[in-house]
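File shown here: structure-v1.cif, holding mmCIF, C-alpha atoms and all ligand atoms.
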```
data_protein
loop_
_atom_site.label_atom_id
_atom_site.label_comp_id
_atom_site.auth_asym_id
_atom_site.auth_seq_id
_atom_site.Cartn_x
_atom_site.Cartn_y
_atom_site.Cartn_z
CA MET Y 19 9.29 -91.83 -33.83
CA GLU Y 20 6.01 -90.17 -34.75
CA PHE Y 21 5.54 -87.80 -37.69
CA MET Y 22 3.73 -85.45 -35.33
CA ASP Y 23 3.29 -85.54 -31.58
CA LEU Y 24 0.48 -83.28 -30.42
CA HIS Y 25 0.82 -83.86 -26.67
CA ILE Y 26 1.45 -80.80 -24.55
CA ARG Y 27 4.77 -81.34 -22.80
CA GLU Y 28 5.16 -78.15 -20.76
CA GLU Y 29 3.91 -78.85 -17.22
CA GLU Y 30 3.15 -75.19 -16.58
CA LEU Y 31 1.09 -74.93 -19.77
CA ARG Y 32 -0.82 -78.11 -18.90
CA ARG Y 33 -1.75 -76.55 -15.58
CA GLU Y 34 -2.84 -73.31 -17.26
CA ILE Y 35 -5.02 -75.23 -19.69
CA GLU Y 36 -6.58 -77.23 -16.88
CA GLU Y 37 -7.35 -73.87 -15.28
CA VAL Y 38 -9.09 -72.81 -18.53
CA PHE Y 39 -11.26 -75.95 -18.34
CA ARG Y 40 -12.05 -75.31 -14.68
CA ARG Y 41 -12.93 -71.65 -15.24
CA THR Y 42 -15.12 -72.59 -18.21
CA LEU Y 43 -16.95 -75.16 -16.11
CA GLU Y 44 -17.47 -72.74 -13.27
CA SER Y 45 -18.40 -69.66 -15.30
CA ALA Y 46 -20.49 -71.56 -17.89
CA ARG Y 47 -19.32 -68.98 -20.49
CA TYR Y 48 -19.10 -71.32 -23.48
CA VAL Y 49 -19.56 -68.76 -26.25
CA GLY Y 50 -18.05 -65.25 -26.25
CA GLY Y 51 -16.68 -63.81 -23.02
CA PRO Y 52 -13.24 -62.96 -21.65
CA PHE Y 53 -11.24 -65.78 -23.30
CA ILE Y 54 -12.47 -64.72 -26.74
CA GLU Y 55 -11.82 -61.03 -26.07
CA GLY Y 56 -8.40 -61.76 -24.56
CA PHE Y 57 -7.28 -64.02 -27.38
CA GLU Y 58 -8.44 -61.64 -30.12
CA ARG Y 59 -6.59 -58.75 -28.47
CA GLU Y 60 -3.36 -60.69 -27.86
CA PHE Y 61 -3.31 -62.45 -31.23
CA ALA Y 62 -3.79 -59.13 -33.09
CA ARG Y 63 -0.92 -57.65 -31.12
CA TRP Y 64 1.30 -60.66 -31.84
CA VAL Y 65 0.59 -60.60 -35.60
CA GLY Y 66 1.01 -56.82 -35.67
CA VAL Y 67 -2.47 -55.74 -36.79
CA ARG Y 68 -5.27 -53.65 -35.29
CA ARG Y 69 -7.85 -56.42 -35.27
CA ALA Y 70 -8.17 -60.18 -34.98
CA VAL Y 71 -11.58 -61.85 -35.20
CA SER Y 72 -11.93 -65.40 -33.91
CA VAL Y 73 -13.91 -67.88 -36.00
CA GLY Y 74 -14.63 -71.60 -35.95
CA SER Y 75 -11.90 -72.80 -38.34
CA GLY Y 76 -9.28 -71.71 -40.85
CA THR Y 77 -11.74 -72.54 -43.61
CA GLN Y 78 -14.25 -70.10 -42.15
CA ALA Y 79 -11.51 -67.48 -41.74
CA LEU Y 80 -10.70 -67.69 -45.46
CA LYS Y 81 -14.32 -67.73 -46.52
CA TYR Y 82 -15.29 -64.79 -44.32
CA CYS Y 83 -12.34 -62.68 -45.55
CA LEU Y 84 -13.51 -63.13 -49.15
CA TRP Y 85 -17.18 -62.72 -48.20
CA ALA Y 86 -16.49 -59.49 -46.28
CA LEU Y 87 -14.66 -58.14 -49.33
CA GLY Y 88 -17.80 -58.71 -51.37
CA ILE Y 89 -16.50 -61.58 -53.49
CA GLY Y 90 -19.25 -63.73 -54.93
CA LYS Y 91 -20.99 -64.98 -58.04
CA GLY Y 92 -19.16 -64.30 -61.30
CA ASP Y 93 -15.93 -63.22 -59.60
CA GLU Y 94 -12.54 -64.87 -60.05
CA VAL Y 95 -9.92 -65.36 -57.36
CA ILE Y 96 -6.33 -66.22 -58.26
CA THR Y 97 -4.64 -68.80 -56.06
CA THR Y 98 -2.14 -71.66 -55.98
CA PRO Y 99 -2.91 -75.29 -56.86
CA LEU Y 100 -0.33 -76.53 -54.31
CA THR Y 101 -2.26 -76.15 -51.07
CA PHE Y 102 -4.89 -77.76 -48.88
CA VAL Y 103 -8.27 -77.96 -50.58
CA ALA Y 104 -9.86 -75.38 -48.24
CA THR Y 105 -8.02 -72.53 -49.99
CA ALA Y 106 -9.94 -73.04 -53.23
CA GLU Y 107 -13.07 -74.59 -51.75
CA VAL Y 108 -14.05 -71.34 -50.02
CA ILE Y 109 -13.89 -69.46 -53.33
CA VAL Y 110 -16.38 -71.96 -54.79
CA SER Y 111 -18.58 -71.82 -51.69
CA LEU Y 112 -19.14 -68.10 -52.36
CA GLY Y 113 -20.14 -68.75 -55.98
CA ALA Y 114 -16.83 -67.45 -57.34
CA LYS Y 115 -14.27 -69.23 -59.52
CA PRO Y 116 -10.77 -70.27 -58.46
CA VAL Y 117 -8.11 -69.52 -61.07
CA PHE Y 118 -4.96 -71.54 -60.45
CA VAL Y 119 -1.52 -70.10 -61.19
CA ASP Y 120 1.52 -72.38 -61.23
CA VAL Y 121 4.10 -72.26 -58.44
CA ASN Y 122 7.75 -71.27 -58.34
CA PRO Y 123 9.98 -74.38 -58.62
CA ARG Y 124 12.36 -73.18 -55.88
CA THR Y 125 10.02 -71.67 -53.27
CA PHE Y 126 6.90 -73.75 -54.13
CA GLN Y 127 4.86 -70.56 -53.60
CA ILE Y 128 2.47 -69.07 -56.17
CA ASP Y 129 4.68 -67.80 -59.03
CA GLU Y 130 4.25 -64.04 -59.01
CA GLU Y 131 5.60 -63.82 -62.56
CA LYS Y 132 2.62 -65.81 -63.83
CA ILE Y 133 -0.11 -63.95 -61.96
CA GLU Y 134 -0.68 -61.12 -64.43
CA ASP Y 135 -1.38 -63.53 -67.30
CA ALA Y 136 -4.25 -64.99 -65.24
CA ILE Y 137 -5.96 -61.65 -64.55
CA THR Y 138 -9.23 -61.07 -66.41
CA PRO Y 139 -11.90 -58.36 -66.07
CA ARG Y 140 -13.61 -60.67 -63.55
CA THR Y 141 -10.60 -61.07 -61.24
CA ARG Y 142 -11.27 -59.60 -57.82
CA ALA Y 143 -8.59 -60.97 -55.50
CA ILE Y 144 -5.28 -62.78 -55.17
CA LEU Y 145 -5.14 -65.45 -52.47
CA PRO Y 146 -1.52 -66.50 -51.84
CA VAL Y 147 -0.77 -69.31 -49.38
CA HIS Y 148 2.31 -69.06 -47.14
CA LEU Y 149 3.16 -72.66 -47.88
CA PHE Y 150 4.74 -75.01 -45.31
CA GLY Y 151 5.48 -72.04 -43.01
CA ALA Y 152 7.38 -69.85 -45.50
CA PRO Y 153 6.03 -66.51 -46.75
CA ALA Y 154 4.87 -66.09 -50.34
CA GLU Y 155 6.49 -63.31 -52.42
CA MET Y 156 4.26 -60.58 -51.01
CA ASP Y 157 5.87 -57.39 -52.40
CA SER Y 158 5.26 -58.47 -55.99
CA ILE Y 159 1.79 -59.80 -55.17
CA VAL Y 160 0.74 -56.57 -53.43
CA GLU Y 161 2.19 -54.50 -56.30
CA ILE Y 162 0.31 -56.51 -58.95
CA ALA Y 163 -2.87 -56.27 -56.89
CA ARG Y 164 -2.47 -52.54 -56.51
CA SER Y 165 -1.96 -51.93 -60.21
CA HIS Y 166 -5.03 -54.05 -61.12
CA ARG Y 167 -7.16 -52.88 -58.16
CA LEU Y 168 -7.47 -56.35 -56.62
CA TRP Y 169 -7.79 -57.49 -53.01
CA VAL Y 170 -5.05 -59.55 -51.38
CA VAL Y 171 -6.11 -62.16 -48.83
CA GLU Y 172 -3.28 -64.13 -47.17
CA ASP Y 173 -3.80 -67.79 -46.36
CA ALA Y 174 -1.59 -67.89 -43.27
CA ALA Y 175 -2.97 -71.21 -41.96
CA GLN Y 176 0.50 -72.80 -42.02
CA ALA Y 177 2.67 -69.84 -41.12
CA HIS Y 178 1.90 -68.30 -37.70
CA GLY Y 179 4.79 -65.93 -37.01
CA ALA Y 180 6.58 -66.26 -40.37
CA LEU Y 181 8.32 -63.02 -41.30
CA TYR Y 182 8.23 -61.27 -44.65
CA LYS Y 183 10.74 -58.41 -44.64
CA GLY Y 184 10.16 -57.73 -40.95
CA LYS Y 185 6.36 -58.12 -41.01
CA ARG Y 186 4.47 -61.11 -39.73
CA VAL Y 187 2.31 -62.84 -42.31
CA GLY Y 188 -1.34 -61.97 -41.91
CA SER Y 189 -0.41 -58.27 -41.61
CA ILE Y 190 0.58 -57.64 -45.23
CA GLY Y 191 -2.56 -58.07 -47.39
CA TYR Y 192 -5.97 -56.56 -46.67
CA CYS Y 193 -6.57 -59.48 -44.33
CA GLY Y 194 -5.08 -62.79 -43.26
CA ALA Y 195 -6.70 -66.11 -42.45
CA PHE Y 196 -5.28 -68.41 -39.76
CA SER Y 197 -6.14 -71.97 -38.80
CA PHE Y 198 -5.58 -73.33 -35.30
CA TYR Y 199 -6.29 -76.93 -36.28
CA PRO Y 200 -4.47 -79.26 -33.84
CA THR Y 201 -1.52 -79.91 -36.20
CA LYS Y 202 -0.77 -76.21 -36.79
CA ASN Y 203 2.18 -74.33 -35.22
CA LEU Y 204 -0.29 -72.59 -32.90
CA SER Y 205 -3.17 -74.96 -32.26
CA ALA Y 206 -6.42 -75.31 -30.40
CA MET Y 207 -7.74 -78.57 -28.92
CA GLY Y 208 -10.15 -78.94 -31.81
CA GLU Y 209 -11.30 -76.64 -34.61
CA ALA Y 210 -10.56 -72.91 -34.53
CA GLY Y 211 -9.43 -70.05 -36.77
CA ALA Y 212 -9.06 -66.28 -36.95
CA ILE Y 213 -8.87 -63.43 -39.40
CA THR Y 214 -6.42 -60.55 -38.97
CA THR Y 215 -6.69 -57.08 -40.48
CA ASP Y 216 -5.89 -53.42 -39.95
CA TRP Y 217 -9.25 -52.50 -41.39
CA ASP Y 218 -12.00 -52.02 -38.77
CA GLU Y 219 -14.83 -52.12 -41.30
CA LEU Y 220 -13.68 -55.53 -42.54
CA ALA Y 221 -13.36 -56.87 -38.99
CA GLU Y 222 -16.86 -55.65 -38.17
CA LYS Y 223 -18.25 -57.29 -41.31
CA VAL Y 224 -16.68 -60.62 -40.34
CA ILE Y 225 -18.17 -60.29 -36.83
CA LEU Y 226 -21.62 -59.92 -38.43
CA ILE Y 227 -21.05 -62.79 -40.88
CA LYS Y 228 -19.98 -65.24 -38.16
CA ASN Y 229 -22.99 -64.29 -36.08
CA HIS Y 230 -25.88 -64.90 -38.52
CA GLY Y 231 -25.66 -61.30 -39.79
CA GLN Y 232 -27.03 -60.12 -36.44
CA ASP Y 233 -26.04 -56.68 -35.15
CA ARG Y 234 -27.95 -57.44 -31.94
CA PRO Y 235 -29.70 -60.59 -30.75
CA TYR Y 236 -32.47 -61.76 -33.12
CA HIS Y 237 -32.02 -58.84 -35.60
CA SER Y 238 -30.35 -59.97 -38.82
CA LEU Y 239 -29.03 -57.52 -41.42
CA PHE Y 240 -28.28 -60.30 -43.94
CA PRO Y 241 -28.12 -64.10 -43.92
CA GLY Y 242 -24.79 -65.03 -42.34
CA GLU Y 243 -23.58 -68.19 -40.64
CA ASN Y 244 -22.68 -69.58 -37.26
CA GLY Y 245 -18.91 -69.22 -37.44
CA ARG Y 246 -17.89 -68.49 -33.86
CA MET Y 247 -14.90 -69.95 -32.04
CA ASP Y 248 -15.69 -71.81 -28.80
CA ALA Y 249 -14.66 -69.86 -25.71
CA ILE Y 250 -12.75 -72.85 -24.39
CA GLN Y 251 -10.60 -72.95 -27.55
CA ALA Y 252 -9.86 -69.23 -27.18
CA GLY Y 253 -8.77 -69.93 -23.58
CA VAL Y 254 -6.41 -72.70 -24.74
CA LEU Y 255 -5.00 -70.46 -27.50
CA LEU Y 256 -4.54 -67.55 -25.10
CA LYS Y 257 -2.46 -69.76 -22.80
CA LYS Y 258 -0.43 -71.20 -25.70
CA LEU Y 259 0.32 -67.85 -27.34
CA PRO Y 260 3.26 -66.99 -25.03
CA TYR Y 261 4.93 -70.25 -26.13
CA ILE Y 262 4.64 -69.93 -29.90
CA ASP Y 263 7.83 -67.94 -30.51
CA ARG Y 264 9.85 -70.54 -28.57
CA TRP Y 265 8.17 -73.41 -30.46
CA ASN Y 266 8.84 -71.69 -33.80
CA ARG Y 267 12.50 -71.10 -32.85
CA ARG Y 268 12.86 -74.82 -32.11
CA ARG Y 269 11.39 -75.63 -35.54
CA GLN Y 270 13.91 -73.22 -37.08
CA GLU Y 271 16.79 -74.89 -35.20
CA ILE Y 272 15.73 -78.30 -36.48
CA ALA Y 273 15.40 -76.90 -40.00
CA ARG Y 274 18.95 -75.50 -39.76
CA ILE Y 275 20.24 -78.99 -38.94
CA TYR Y 276 18.23 -80.54 -41.79
CA ARG Y 277 19.39 -77.85 -44.23
CA ARG Y 278 23.04 -78.19 -43.29
CA GLU Y 279 23.00 -81.98 -43.51
CA LEU Y 280 20.67 -82.49 -46.47
CA LEU Y 281 21.26 -79.61 -48.83
CA PRO Y 282 24.06 -81.36 -50.70
CA LEU Y 283 21.85 -84.43 -51.19
CA VAL Y 284 18.32 -83.32 -52.03
CA GLN Y 285 16.50 -80.20 -53.21
CA LEU Y 286 14.84 -78.23 -50.40
CA GLN Y 287 12.25 -75.45 -50.29
CA GLU Y 288 13.96 -72.07 -50.68
CA VAL Y 289 12.86 -69.28 -48.39
CA GLY Y 290 12.65 -65.86 -50.07
CA GLU Y 291 15.17 -63.07 -49.53
CA GLY Y 292 14.46 -61.25 -46.25
CA CYS Y 293 11.99 -63.92 -45.12
CA GLU Y 294 11.85 -66.32 -42.18
CA SER Y 295 9.98 -69.60 -42.37
CA VAL Y 296 8.42 -71.08 -39.25
CA TYR Y 297 8.74 -74.56 -40.81
CA HIS Y 298 5.22 -75.85 -40.33
CA LEU Y 299 6.54 -78.62 -42.58
CA PHE Y 300 10.06 -79.45 -43.70
CA VAL Y 301 9.98 -80.93 -47.19
CA VAL Y 302 12.53 -82.52 -49.48
CA LEU Y 303 12.17 -83.19 -53.19
CA HIS Y 304 12.98 -86.51 -54.78
CA PRO Y 305 12.16 -87.87 -58.25
CA SER Y 306 11.42 -91.33 -56.76
CA ARG Y 307 9.52 -89.94 -53.81
CA ASP Y 308 7.27 -92.97 -53.20
CA ALA Y 309 10.20 -95.41 -53.15
CA LEU Y 310 12.10 -93.07 -50.83
CA GLN Y 311 9.12 -92.88 -48.52
CA GLN Y 312 8.88 -96.67 -48.35
CA LYS Y 313 12.58 -97.04 -47.67
CA LEU Y 314 12.40 -94.45 -44.89
CA ALA Y 315 9.38 -96.23 -43.40
CA SER Y 316 11.39 -99.48 -43.31
CA LEU Y 317 14.06 -97.58 -41.35
CA GLY Y 318 11.43 -96.36 -38.88
CA ILE Y 319 11.27 -92.79 -40.23
CA PRO Y 320 7.69 -91.59 -40.72
CA THR Y 321 7.07 -89.11 -43.55
CA ARG Y 322 4.02 -87.64 -45.31
CA VAL Y 323 3.08 -86.34 -48.72
CA TYR Y 324 1.77 -82.78 -49.07
CA TYR Y 325 -0.02 -82.66 -51.48
CA PRO Y 326 -0.37 -85.78 -53.63
CA VAL Y 327 -2.80 -84.21 -56.14
CA PRO Y 328 -2.63 -80.50 -57.02
CA LEU Y 329 -6.02 -78.84 -56.75
CA HIS Y 330 -6.51 -78.21 -60.48
CA LEU Y 331 -6.43 -82.00 -61.02
CA GLN Y 332 -8.72 -82.89 -58.11
CA LYS Y 333 -12.11 -84.33 -58.99
CA ALA Y 334 -13.73 -81.55 -56.96
CA PHE Y 335 -12.47 -78.97 -59.46
CA SER Y 336 -12.70 -80.99 -62.67
CA TYR Y 337 -15.60 -78.74 -63.81
CA LEU Y 338 -13.06 -75.93 -64.22
CA GLY Y 339 -11.60 -77.81 -67.20
CA TYR Y 340 -7.92 -78.00 -66.25
CA ARG Y 341 -5.87 -80.78 -67.85
CA ARG Y 342 -2.74 -82.63 -66.78
CA GLY Y 343 0.24 -80.58 -67.95
CA ASP Y 344 -1.50 -77.20 -67.49
CA LEU Y 345 0.46 -76.35 -64.33
CA PRO Y 346 3.59 -78.46 -64.74
CA VAL Y 347 5.61 -77.22 -61.75
CA ALA Y 348 2.86 -77.93 -59.22
CA GLU Y 349 2.26 -81.30 -60.88
CA ARG Y 350 5.93 -82.28 -60.63
CA LEU Y 351 6.20 -81.05 -57.03
CA SER Y 352 3.15 -83.05 -56.00
CA ARG Y 353 4.96 -86.15 -57.30
CA GLU Y 354 8.28 -85.29 -55.63
CA ILE Y 355 7.60 -83.58 -52.31
CA LEU Y 356 8.10 -85.53 -49.09
CA ALA Y 357 7.71 -84.03 -45.62
CA LEU Y 358 10.09 -85.08 -42.84
CA PRO Y 359 9.11 -84.99 -39.17
CA ILE Y 360 9.57 -81.55 -37.61
CA GLY Y 361 8.20 -79.93 -34.49
CA PRO Y 362 9.11 -78.56 -31.09
CA TRP Y 363 8.66 -82.02 -29.58
CA MET Y 364 11.67 -83.44 -31.45
CA GLU Y 365 14.96 -84.05 -29.67
CA ASP Y 366 18.25 -83.50 -31.55
CA GLU Y 367 18.84 -87.25 -31.42
CA GLU Y 368 15.63 -87.82 -33.39
CA VAL Y 369 16.53 -85.12 -35.91
CA TYR Y 370 19.89 -86.80 -36.57
CA ARG Y 371 18.15 -90.17 -36.81
CA VAL Y 372 16.03 -88.74 -39.65
CA VAL Y 373 19.17 -87.30 -41.28
CA GLU Y 374 21.03 -90.61 -41.07
CA GLY Y 375 17.96 -92.51 -42.29
CA LEU Y 376 17.63 -90.23 -45.29
CA LYS Y 377 21.32 -90.55 -46.11
CA ARG Y 378 21.04 -94.35 -45.98
CA ALA Y 379 17.86 -94.38 -48.03
CA LEU Y 380 19.47 -92.22 -50.70
CA ASN Y 381 22.48 -94.49 -51.00
C1 LIG Y 401 -3.19 -73.77 -46.36
C2 LIG Y 401 -4.41 -74.07 -45.56
N1 LIG Y 401 -5.51 -73.32 -45.74
C3 LIG Y 401 -6.63 -73.55 -45.04
C4 LIG Y 401 -6.71 -74.55 -44.10
C5 LIG Y 401 -8.01 -74.78 -43.42
O1 LIG Y 401 -7.97 -74.66 -42.03
P1 LIG Y 401 -9.00 -75.48 -41.11
O2 LIG Y 401 -8.62 -76.92 -41.19
O3 LIG Y 401 -8.77 -74.90 -39.75
O4 LIG Y 401 -10.36 -75.21 -41.61
C6 LIG Y 401 -5.57 -75.33 -43.86
C7 LIG Y 401 -5.49 -76.38 -42.85
O5 LIG Y 401 -6.17 -77.22 -42.51
C8 LIG Y 401 -4.41 -75.10 -44.62
O6 LIG Y 401 -3.31 -75.85 -44.45
#
```
Show how you would write the structure in this file as structure tokens.
Ligand SMILES: Cc1ncc(COP(=O)(O)O)c(C=O)c1O
Amino acid sequence: MEFMDLHIREEELRREIEEVFRRTLESARYVGGPFIEGFEREFARWVGVRRAVSVGSGTQALKYCLWALGIGKGDEVITTPLTFVATAEVIVSLGAKPVFVDVNPRTFQIDEEKIEDAITPRTRAILPVHLFGAPAEMDSIVEIARSHRLWVVEDAAQAHGALYKGKRVGSIGYCGAFSFYPTKNLSAMGEAGAITTDWDELAEKVILIKNHGQDRPYHSLFPGENGRMDAIQAGVLLKKLPYIDRWNRRRQEIARIYRRELLPLVQLQEVGEGCESVYHLFVVLHPSRDALQQKLASLGIPTRVYYPVPLHLQKAFSYLGYRRGDLPVAERLSREILALPIGPWMEDEEVYRVVEGLKRALN
């Protein structure tokens, strides 16, 4: 069994992707063009927003959201320490300062009850991450942001299609950032990302940023970057988009089996009231996580650790001055969380093999 299997299994989809390659070869449209336009239109519709702007990666999507909102030197952005490094890295790359708020011990999402204590006169935005495919507690986050006049940028890199009270993530804050890295629920065949928003002005600003600040060829309004998505990746994503709901439903089915079988034995991530996770990852908590992982490996069950070091204790952010013990929930979770295999490629037999393996390992 593999932890992740990224092969495309659907014959029809393989043929459609081969057709994307062939059309790209024949048209020689490598940048911009109909695949980009088509994917941006369809992805916006699927998320439930007016605009989607394709970019080169999820990291660029996050960075350009913050950049377009004017966040920069001297500003503070509140986020979670239990995430992939990109979430905080982009704040630093704009000259701003990440402020980490501890996570909720049941949902593992940024703890909305601790956000207000972290707000200072320099705070400009809250950047929640919809962790492991489950939505963060958006109503409270949006309410806090509103009362303190802060932006909300959603890191939706792990949660394509997750529902928060009937709305898809990426449609709740001022803008959302998605990654289509190959391991994600909706993935390209390489690097790709997108921002989603209902706000035309923000979308237009991101289009300028990702295109060297140019409003027409060789006329720059400000120094931007090259942050465009390859046309061929947009073609792949456009062909995969009709499959994502089915793939997410399969993840949810597997998660139901895991939950039913494992809930009496180990602590699991709770999904908020009125929310639906798309189970990018399925994680269990165990106080002797490393020993459990080794035992499972000896039984042929591959697992992974997300994330072994919370961001406030990473060397990259040591200059911020956080100490061990500052964010105790995230610190404990990073010692206890173990991700089990999950994905649309898994057969029921494999799911039950993981369940049985975990039961044996726990005995
Ligand atoms: C939560 C989160 N944010 C941001 C990113 C960055 O996305 P990318 O790898 O496409 O730059 C990722 C994934 O890699 C992620 O998991």
Within 10 Å of ligand LIG 401 (chain Y), which residues of chain Y come that close, and what is the closest atom pair and distance in Å for each? Count only C-alpha atoms and all ligand atoms and give it as a Markdown table.
```
| residue | atom | partner | partner_atom | distance |
| --- | --- | --- | --- | --- |
| Y:Val73 | CA | Y:LIG401 | O3 | 9.5 |
| Y:Gly74 | CA | Y:LIG401 | O3 | 7.7 |
| Y:Ser75 | CA | Y:LIG401 | O3 | 4.0 |
| Y:Gly76 | CA | Y:LIG401 | O3 | 3.4 |
| Y:Thr77 | CA | Y:LIG401 | O4 | 3.6 |
| Y:Gln78 | CA | Y:LIG401 | O4 | 6.4 |
| Y:Ala79 | CA | Y:LIG401 | O4 | 7.8 |
| Y:Leu80 | CA | Y:LIG401 | C3 | 7.1 |
| Y:Lys81 | CA | Y:LIG401 | C3 | 9.8 |
| Y:Thr98 | CA | Y:LIG401 | C1 | 9.9 |
| Y:Leu100 | CA | Y:LIG401 | C1 | 8.9 |
| Y:Thr101 | CA | Y:LIG401 | C1 | 5.4 |
| Y:Phe102 | CA | Y:LIG401 | C2 | 5.0 |
| Y:Val103 | CA | Y:LIG401 | N1 | 7.3 |
| Y:Ala104 | CA | Y:LIG401 | C3 | 4.9 |
| Y:Thr105 | CA | Y:LIG401 | N1 | 5.0 |
| Y:Ala106 | CA | Y:LIG401 | N1 | 8.7 |
| Y:Glu107 | CA | Y:LIG401 | C3 | 9.4 |
| Y:Val108 | CA | Y:LIG401 | C3 | 9.2 |
| Y:Pro146 | CA | Y:LIG401 | C1 | 9.3 |
| Y:Val147 | CA | Y:LIG401 | C1 | 5.9 |
| Y:His148 | CA | Y:LIG401 | C1 | 7.3 |
| Y:Leu149 | CA | Y:LIG401 | C1 | 6.6 |
| Y:Phe150 | CA | Y:LIG401 | C1 | 8.1 |
| Y:Gly151 | CA | Y:LIG401 | C1 | 9.5 |
| Y:Glu172 | CA | Y:LIG401 | N1 | 9.6 |
| Y:Asp173 | CA | Y:LIG401 | N1 | 5.8 |
| Y:Ala174 | CA | Y:LIG401 | C1 | 6.8 |
| Y:Ala175 | CA | Y:LIG401 | C2 | 4.8 |
| Y:Gln176 | CA | Y:LIG401 | O6 | 5.5 |
| Y:Ala177 | CA | Y:LIG401 | C1 | 8.8 |
| Y:Ala195 | CA | Y:LIG401 | C3 | 7.9 |
| Y:Phe196 | CA | Y:LIG401 | O1 | 7.2 |
| Y:Ser197 | CA | Y:LIG401 | O3 | 4.1 |
| Y:Phe198 | CA | Y:LIG401 | O3 | 5.7 |
| Y:Tyr199 | CA | Y:LIG401 | O3 | 4.7 |
| Y:Pro200 | CA | Y:LIG401 | O3 | 8.5 |
| Y:Thr201 | CA | Y:LIG401 | O5 | 8.3 |
| Y:Lys202 | CA | Y:LIG401 | C7 | 7.7 |
| Y:Ser205 | CA | Y:LIG401 | O3 | 9.4 |
| Y:Ala206 | CA | Y:LIG401 | O3 | 9.6 |
| Y:Gly208 | CA | Y:LIG401 | O3 | 9.0 |
| Y:Glu209 | CA | Y:LIG401 | O3 | 6.0 |
| Y:Ala210 | CA | Y:LIG401 | O3 | 5.9 |
| Y:Gly211 | CA | Y:LIG401 | O3 | 5.7 |
| Y:Ala212 | CA | Y:LIG401 | O3 | 9.1 |
| Y:His298 | CA | Y:LIG401 | O6 | 9.5 |
| Y:Tyr324 | CA | Y:LIG401 | O6 | 9.8 |
```
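Of the listed residues (Y:Val327, Y:Arg63, Y:Val170, Y:Met207), Y:Met207 comes nearest to Asp248 in chain Y; the distances count all atoms listed in the file.
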Can you pull out the residues contacting range 263-271 of chain Y? Cut-off 7 Å, using all atoms listed in the file, and skip same-chain residues under 4 positions away; I want them as an mmCIF file with C-alpha atoms, in the frame of the given file.
```cif
data_model
loop_
_atom_site.group_PDB
_atom_site.id
_atom_site.type_symbol
_atom_site.label_atom_id
_atom_site.label_comp_id
_atom_site.auth_asym_id
_atom_site.auth_seq_id
_atom_site.Cartn_x
_atom_site.Cartn_y
_atom_site.Cartn_z
ATOM 1 C CA ILE Y 275 20.240 -78.990 -38.940
ATOM 2 C CA VAL Y 296 8.420 -71.080 -39.250
ATOM 3 C CA TYR Y 297 8.740 -74.560 -40.810
ATOM 4 C CA ILE Y 360 9.570 -81.550 -37.610
ATOM 5 C CA GLY Y 361 8.200 -79.930 -34.490
ATOM 6 C CA PRO Y 362 9.110 -78.560 -31.090
#
```
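In this model, the gap between CA of Phe39 in chain Y and CA of Ile26 in chain Y comes to 15.0 Å.
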Quick one: residues within 10 Å of range 160-167 of chain Y, all atoms listed in the file, excluding same-chain residues fewer than 6 positions away - as a JSON list (two decimals) with C-alpha atoms, in the frame of the given file?
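The result, stored in part07.json:
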```json
[["chain", "number", "residue", "atom", "x", "y", "z"],
["Y", 130, "GLU", "CA", 4.25, -64.04, -59.01],
["Y", 131, "GLU", "CA", 5.60, -63.82, -62.56],
["Y", 133, "ILE", "CA", -0.11, -63.95, -61.96],
["Y", 134, "GLU", "CA", -0.68, -61.12, -64.43],
["Y", 137, "ILE", "CA", -5.96, -61.65, -64.55],
["Y", 138, "THR", "CA", -9.23, -61.07, -66.41],
["Y", 139, "PRO", "CA", -11.90, -58.36, -66.07],
["Y", 141, "THR", "CA", -10.60, -61.07, -61.24],
["Y", 142, "ARG", "CA", -11.27, -59.60, -57.82],
["Y", 143, "ALA", "CA", -8.59, -60.97, -55.50],
["Y", 144, "ILE", "CA", -5.28, -62.78, -55.17],
["Y", 190, "ILE", "CA", 0.58, -57.64, -45.23],
["Y", 191, "GLY", "CA", -2.56, -58.07, -47.39],
["Y", 192, "TYR", "CA", -5.97, -56.56, -46.67]]
```
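Going from CA of Lys223 in chain Y over to CA of Ala86 in chain Y, you cover 5.7 Å.
Each of Y:Lys377, Y:Ala252, Y:His330, Y:Ile227 was checked against Arg342 in chain Y using all atoms listed in the file; the smallest atom-to-atom distance is that of Y:His330.
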Got a sec: who's within 8 Å of range 42-55 of chain Y, counting only C-alpha atoms, leaving out chain neighbours fewer than 4 positions off, as a JSON list (two decimals) with C-alpha atoms, in the frame of the given file?
```json
[["chain", "number", "residue", "atom", "x", "y", "z"],
["Y", 38, "VAL", "CA", -9.09, -72.81, -18.53],
["Y", 59, "ARG", "CA", -6.59, -58.75, -28.47],
["Y", 72, "SER", "CA", -11.93, -65.40, -33.91],
["Y", 246, "ARG", "CA", -17.89, -68.49, -33.86],
["Y", 247, "MET", "CA", -14.90, -69.95, -32.04],
["Y", 248, "ASP", "CA", -15.69, -71.81, -28.80],
["Y", 249, "ALA", "CA", -14.66, -69.86, -25.71],
["Y", 250, "ILE", "CA", -12.75, -72.85, -24.39],
["Y", 252, "ALA", "CA", -9.86, -69.23, -27.18],
["Y", 253, "GLY", "CA", -8.77, -69.93, -23.58],
["Y", 256, "LEU", "CA", -4.54, -67.55, -25.10]]
```
- request: For Leu310 in chain Y, list every protein, DNA or RNA residue within 8 Å, evaluated using only C-alpha atoms, and leave out those in the same chain fewer than 6 positions away; present the list as a PyMOL selection string.
  value: chain Y and resi 304+379-380
field: Nearby residues (all atoms listed in the file) at most 10 Å from Val302 in chain Y, same-chain spacing under 2 positions excluded, as JSON, numbers by chain
entry: {"Y": [276, 277, 280, 281, 283, 284, 285, 286, 287, 299, 300, 304, 307, 351, 354, 355, 356, 357, 358]}
